[in-house]
Amino acid sequence: MGVTESNRVPLEKLRKRTDIASLGFTTTEELECSEQLIGQARAVSAISYALAVDRKGYNLFVVGDPGSGRTTYALREIKERAALMPAPDDWIYAYNFDEPGEPLAINLPAGQGKKFASAVEDIVEDLKLNLGKAFDNSEYEDNKAALVKSFQESVGELMDSLRAYAAEKNFSIKRTPQGFVNLPLVKEAPAKPEHTEEEEASEQDAELITREMQPEEFEKLSEDDQSEIQKKSDDIAAHTLETLRTMREREKELKEKIKELDGEICRAAIQPILSELREKFPGDGKLSGWIDKMTEDVIENYGMFVAAARDESADIDFGRFTVNVFVSNDPEQGAPVIRETNPTYYNLVGKIEYESRQGYLYTDFHRIKAGALQKACGGYLLLEADNVLRQFMSWEALKRVLTSGELIVENLGEHLGYIPVASLRPQAIHVNVKVVMVGTYYLYYLLNIYDPEFQKIFKIKADFESDMPRGCDMENKMACVIAQFVRNGGNIPFTAPAVGEVIEWASRLVDDQERMSTQFNKISELLNEATVWAKMDSSETVELSHVKKAMNERKHRSNLIEERYLRAFETGVVKIDTEGAVVGQINGLTVIDMVDYTFGHPVRISANVYMGEEGVVNIEREVKLTGPIHNKGLLTLSSYLGRMYASDMPISVTARIAFEQTYGGIEGDSASSTELYCLLSALSGVPLRQDIAVTGSVDQFGAIQPIGGVNEKIEGFFNYCKSRRLTGTQGVMIPAQNVRHLMLDDEVLGAVREGLFTVWSVSSIDEGIEILTGVKAGKLGRGGQFTKGSIHGRTKSCLKSWLERSAKIKRTLDKKAKRDGGAE
């Protein structure tokens, strides 16, 4: 058997078919499967362990590609685990009667927060009613009037005593707007009108009249008399002050007695109400202390309750006697599970809201709002890593909470400290939450590298694989996944051949006959689309034809760019030969990834060689259109040439290699073997078949290495050949290691079956060059010589002749230079 035949890949190896009989059903309706995640044993074990560990820092980071079921499975598992856990405490914020700017955080048993808030609101209404009635009571008014009367009588006695004291000193005390004034008195006889002698005699016996001394009279007195009067006035003033002091003390005593009376009335009125509240919500902790403080504040400010009871329209704020239910949990629902899809700083850690009132911003403890971390306290919080990292300060806030175990609600302005403003400083609450973060490998390793605290707070990684083994057991499990999809969505069942096609498509997604993709979102998309096509056909089951229709339509919606490339080839704009043989020219294969669609197409590679000492030069590299991996492959060619042909002589050659009609960047080494074939053809002068496209990497020893995108490359060249015409000699040559990656579409398989297209696999450059040229590669014999007429023999002969000619030319030039120098 020749090289060409022995390297031909058999039809059965071009695509691994599903054994329909081994599936054991006609339609998925016959399957009874439980919902499960397949192909992710490692991730399932890690998630189960992470959820069982109740230690600080053992949060879970779920790593995997989007669509692998990582989020869905993690959410389902934590919901099942949370349902078995006790519901955590509720949290309320209450007015701090000692420090109004620092609201109190109080925890209550699950479900009691809302009940307590409702009870407190009812109590406020009850207090208005009871206190209003208590202070409208006639007995209260009588008691208060008696206290006031007693005070007034004592004040009257004090004033009488003061006036008597002043009278003894011959002074009177007069009250003015400025206070008490001491005025000296003068005794004199009344004015004497004209009377008879008898009347005058009787008036002498009458009493003298007392009046206030006038200022001018005081001035006429002698200094001794004035000093005496002033001394008496000062003594009376001191006595007056003492009396006033006593009066103030009596007034204060009155107020205290009235306050005590009010307190007794208040306590009597509110005691039954608050006692009932304590019975409903017992405890000796913060809650009990807050109720005590509330009781004292109600007694001190009973007037507002009385006023509200007397005037229902009165605008009185009773907010400090109510509470803000910060976090509420249902005792029947287990631990909370929160999935925050928009983890902004405020959505994550909570916020303090403000209200504009007449141009001013106002807030109180009722406007403290919980974030996802508080809501998930005692349970689980699911976050997407990329969403968290996109939001300003969210990652830092999350780390701080997971590290300290406490959370203080503060707005960003206060947190960053740019502008210090007066605001609330709520008490911190203890946060015990298990965070499950979902992200890609890229983000996981970036966080590991650049954040030293990352490993301290996310100690467990659940790694979701992108593919899974393909065997009879896993194929049956995939069938169960499809059956579950049908059952959950109320869809029509799939037939066994349709399921087999989906399984094969799952292998095509990962380009591997022995593995299947775990991108269940893409598989679900195909199932949905196939179901729609089946319903449009009014079919009761999804048939094989419907799955193929869905696949073809998906391709048609995305392959516009591919069709444009093909059209350029058909119209001659792009030159690709699919027949004949040419020296120094070969069809390479490239892959274009459009994200949503990937396709392959051929590219013409040419090589031009001539005498010189520049070595192998890639034109694209010279103009900086190639990447580092491609450049590495090119340098490998120089090493291969040196190993093969420079063991007994130096190589003197200049080779130019170009990717014709390419105007963008080139990366990857999958064309390095193709470039080497082209170079050997140019050096040996043996033409290469243009009906064969080639892909494969090469090492320094000439061994062919595997590449990616093998299916797209083969199908791409097939489409070019089919567009012109299939001759039966056309095909693609691939690395032998890539045979297991073949999952070609039915059209290519049909052409191979009919002998119109061929796929060859090779392991070395020698195998490949023989297929491309029909000439033996040649073996190295004695004396370092290759088989005469072989590719290597011709190549070395060419290099040797150029070396000899180069040496001869150099000698001639040296002689000429010597003669010219001697003549001078």
# chains A, B, ... in the order shown; residues from 1 in each chain; ligands from 1

$ residues_around --residues "Leu679 in chain A" --least-positions-apart "5" --cutoff "12 Å" --atoms "only C-alpha atoms" --output "MDAnalysis selection string"
chainID A and resid 583:586 605:610 615:618 634 637:638 640:641 653:658 672:674 684:688 765 769 791:792 795

$ closest_residue --among "A:Ile92, A:Gly793, A:Pro497, A:Lys13" --to "Ser761 in chain A" --atoms "only C-alpha atoms"
A:Lys13

$ residues_around --residues "Thr727 in chain A" --least-positions-apart "5" --cutoff "9 Å" --atoms "only C-alpha atoms" --output "list of chain:residue names"
A:Glu579, A:Asp691, A:Cys721, A:Lys722, A:Leu756, A:Phe757

$ select_by_dssp --residues "range 491-556 of chain A" --states "helix (DSSP H, G or I)" --output "ChimeraX atom specification"
/A:496-509,520-536,544-556

$ residues_around --residues "Trp802 in chain A" --least-positions-apart "2" --cutoff "10 Å" --atoms "only C-alpha atoms" --output "compact mmCIF listing (two decimals) with N, CA and C atoms, in the first residue's frame"
# COMPACT_ATOMS: atom_id res chain seq x y z
N TYR A 610 16.22 31.98 -3.82
CA TYR A 610 17.33 32.35 -4.68
C TYR A 610 18.59 32.43 -3.84
N MET A 611 19.70 32.61 -4.52
CA MET A 611 20.99 32.67 -3.82
C MET A 611 21.03 33.91 -2.92
N GLY A 612 21.66 33.74 -1.80
CA GLY A 612 21.77 34.82 -0.85
C GLY A 612 22.04 34.28 0.53
N ILE A 651 24.56 26.63 4.70
CA ILE A 651 23.44 26.93 3.80
C ILE A 651 23.52 28.40 3.41
N SER A 652 23.48 28.64 2.12
CA SER A 652 23.48 30.00 1.60
C SER A 652 22.25 30.16 0.73
N VAL A 653 21.19 30.71 1.30
CA VAL A 653 19.93 30.82 0.58
C VAL A 653 19.12 32.00 1.12
N LYS A 796 18.92 19.32 -1.42
CA LYS A 796 20.31 19.48 -1.03
C LYS A 796 21.20 19.77 -2.23
N SER A 797 20.87 19.16 -3.35
CA SER A 797 21.63 19.43 -4.56
C SER A 797 21.53 20.89 -4.95
N CYS A 798 20.31 21.44 -4.83
CA CYS A 798 20.11 22.86 -5.14
C CYS A 798 20.93 23.74 -4.21
N LEU A 799 20.87 23.42 -2.92
CA LEU A 799 21.60 24.23 -1.94
C LEU A 799 23.11 24.11 -2.15
N LYS A 800 23.52 22.89 -2.48
CA LYS A 800 24.96 22.66 -2.68
C LYS A 800 25.44 23.41 -3.91
N GLU A 804 28.31 26.26 -4.06
CA GLU A 804 29.50 26.20 -4.93
C GLU A 804 29.58 27.43 -5.83
N ARG A 805 28.43 27.80 -6.42
CA ARG A 805 28.41 28.97 -7.28
C ARG A 805 28.74 30.23 -6.49
N SER A 806 28.22 30.27 -5.28
CA SER A 806 28.50 31.43 -4.43
C SER A 806 29.98 31.53 -4.11
N ALA A 807 30.59 30.34 -3.81
CA ALA A 807 32.03 30.34 -3.51
C ALA A 807 32.84 30.74 -4.73
N LYS A 808 32.40 30.24 -5.90
CA LYS A 808 33.12 30.57 -7.15
C LYS A 808 33.01 32.05 -7.43

$ residues_around --residues "Asp648 in chain A" --least-positions-apart "2" --cutoff "10 Å" --atoms "only C-alpha atoms" --output "PyMOL selection string"
chain A and resi 644-646+650-651+783-785

$ residues_around --residues "Ser764 in chain A" --least-positions-apart "6" --cutoff "7 Å" --atoms "only C-alpha atoms" --output "compact mmCIF listing (two decimals) with all heavy atoms, in the first residue's frame"
# COMPACT_ATOMS: atom_id res chain seq x y z
N GLY A 702 10.77 17.84 12.08
CA GLY A 702 9.91 17.50 10.96
C GLY A 702 8.68 16.72 11.34
O GLY A 702 7.96 16.22 10.46
N ALA A 703 8.39 16.60 12.64
CA ALA A 703 7.18 15.90 13.08
C ALA A 703 6.00 16.85 13.00
O ALA A 703 6.10 18.02 13.38
CB ALA A 703 7.35 15.37 14.50
N ILE A 704 4.88 16.34 12.50
CA ILE A 704 3.69 17.15 12.37
C ILE A 704 2.95 17.18 13.71
O ILE A 704 2.76 16.15 14.36
CB ILE A 704 2.75 16.59 11.28
CG1 ILE A 704 3.49 16.55 9.95
CG2 ILE A 704 1.49 17.44 11.17
CD1 ILE A 704 3.93 17.90 9.45

$ residues_around --residues "Ala498 in chain A" --least-positions-apart "5" --cutoff "8 Å" --atoms "only C-alpha atoms" --output "list in words"
Val542, Glu543, Leu544, Ser545, His546 and Val547 of chain A

$ write_last_selection --atoms "N, CA and C atoms" --output "short mmCIF file (atom, residue, chain, number, x, y, z; two decimals), in the first residue's frame"
data_model
loop_
_atom_site.label_atom_id
_atom_site.label_comp_id
_atom_site.auth_asym_id
_atom_site.auth_seq_id
_atom_site.Cartn_x
_atom_site.Cartn_y
_atom_site.Cartn_z
N VAL A 542 -40.12 15.66 17.44
CA VAL A 542 -39.01 16.33 16.79
C VAL A 542 -38.16 15.27 16.11
N GLU A 543 -38.11 15.31 14.79
CA GLU A 543 -37.40 14.31 14.00
C GLU A 543 -35.97 14.75 13.71
N LEU A 544 -35.21 13.83 13.15
CA LEU A 544 -33.83 14.11 12.74
C LEU A 544 -33.80 15.28 11.76
N SER A 545 -34.75 15.32 10.85
CA SER A 545 -34.79 16.39 9.85
C SER A 545 -34.98 17.76 10.49
N HIS A 546 -35.72 17.81 11.58
CA HIS A 546 -35.96 19.09 12.24
C HIS A 546 -34.68 19.59 12.93
N VAL A 547 -33.91 18.67 13.50
CA VAL A 547 -32.65 19.06 14.14
C VAL A 547 -31.68 19.57 13.08
#

$ atom_distance --atom1 "CA of Lys56 in chain A" --atom2 "CA of Met437 in chain A"
15.5 Å

$ atom_distance --atom1 "CA of Met393 in chain A" --atom2 "CA of Leu412 in chain A"
8.7 Å

$ closest_residue --among "A:Ala581, A:Val694, A:Val499, A:Leu680" --to "Phe25 in chain A" --atoms "only C-alpha atoms"
A:Val499
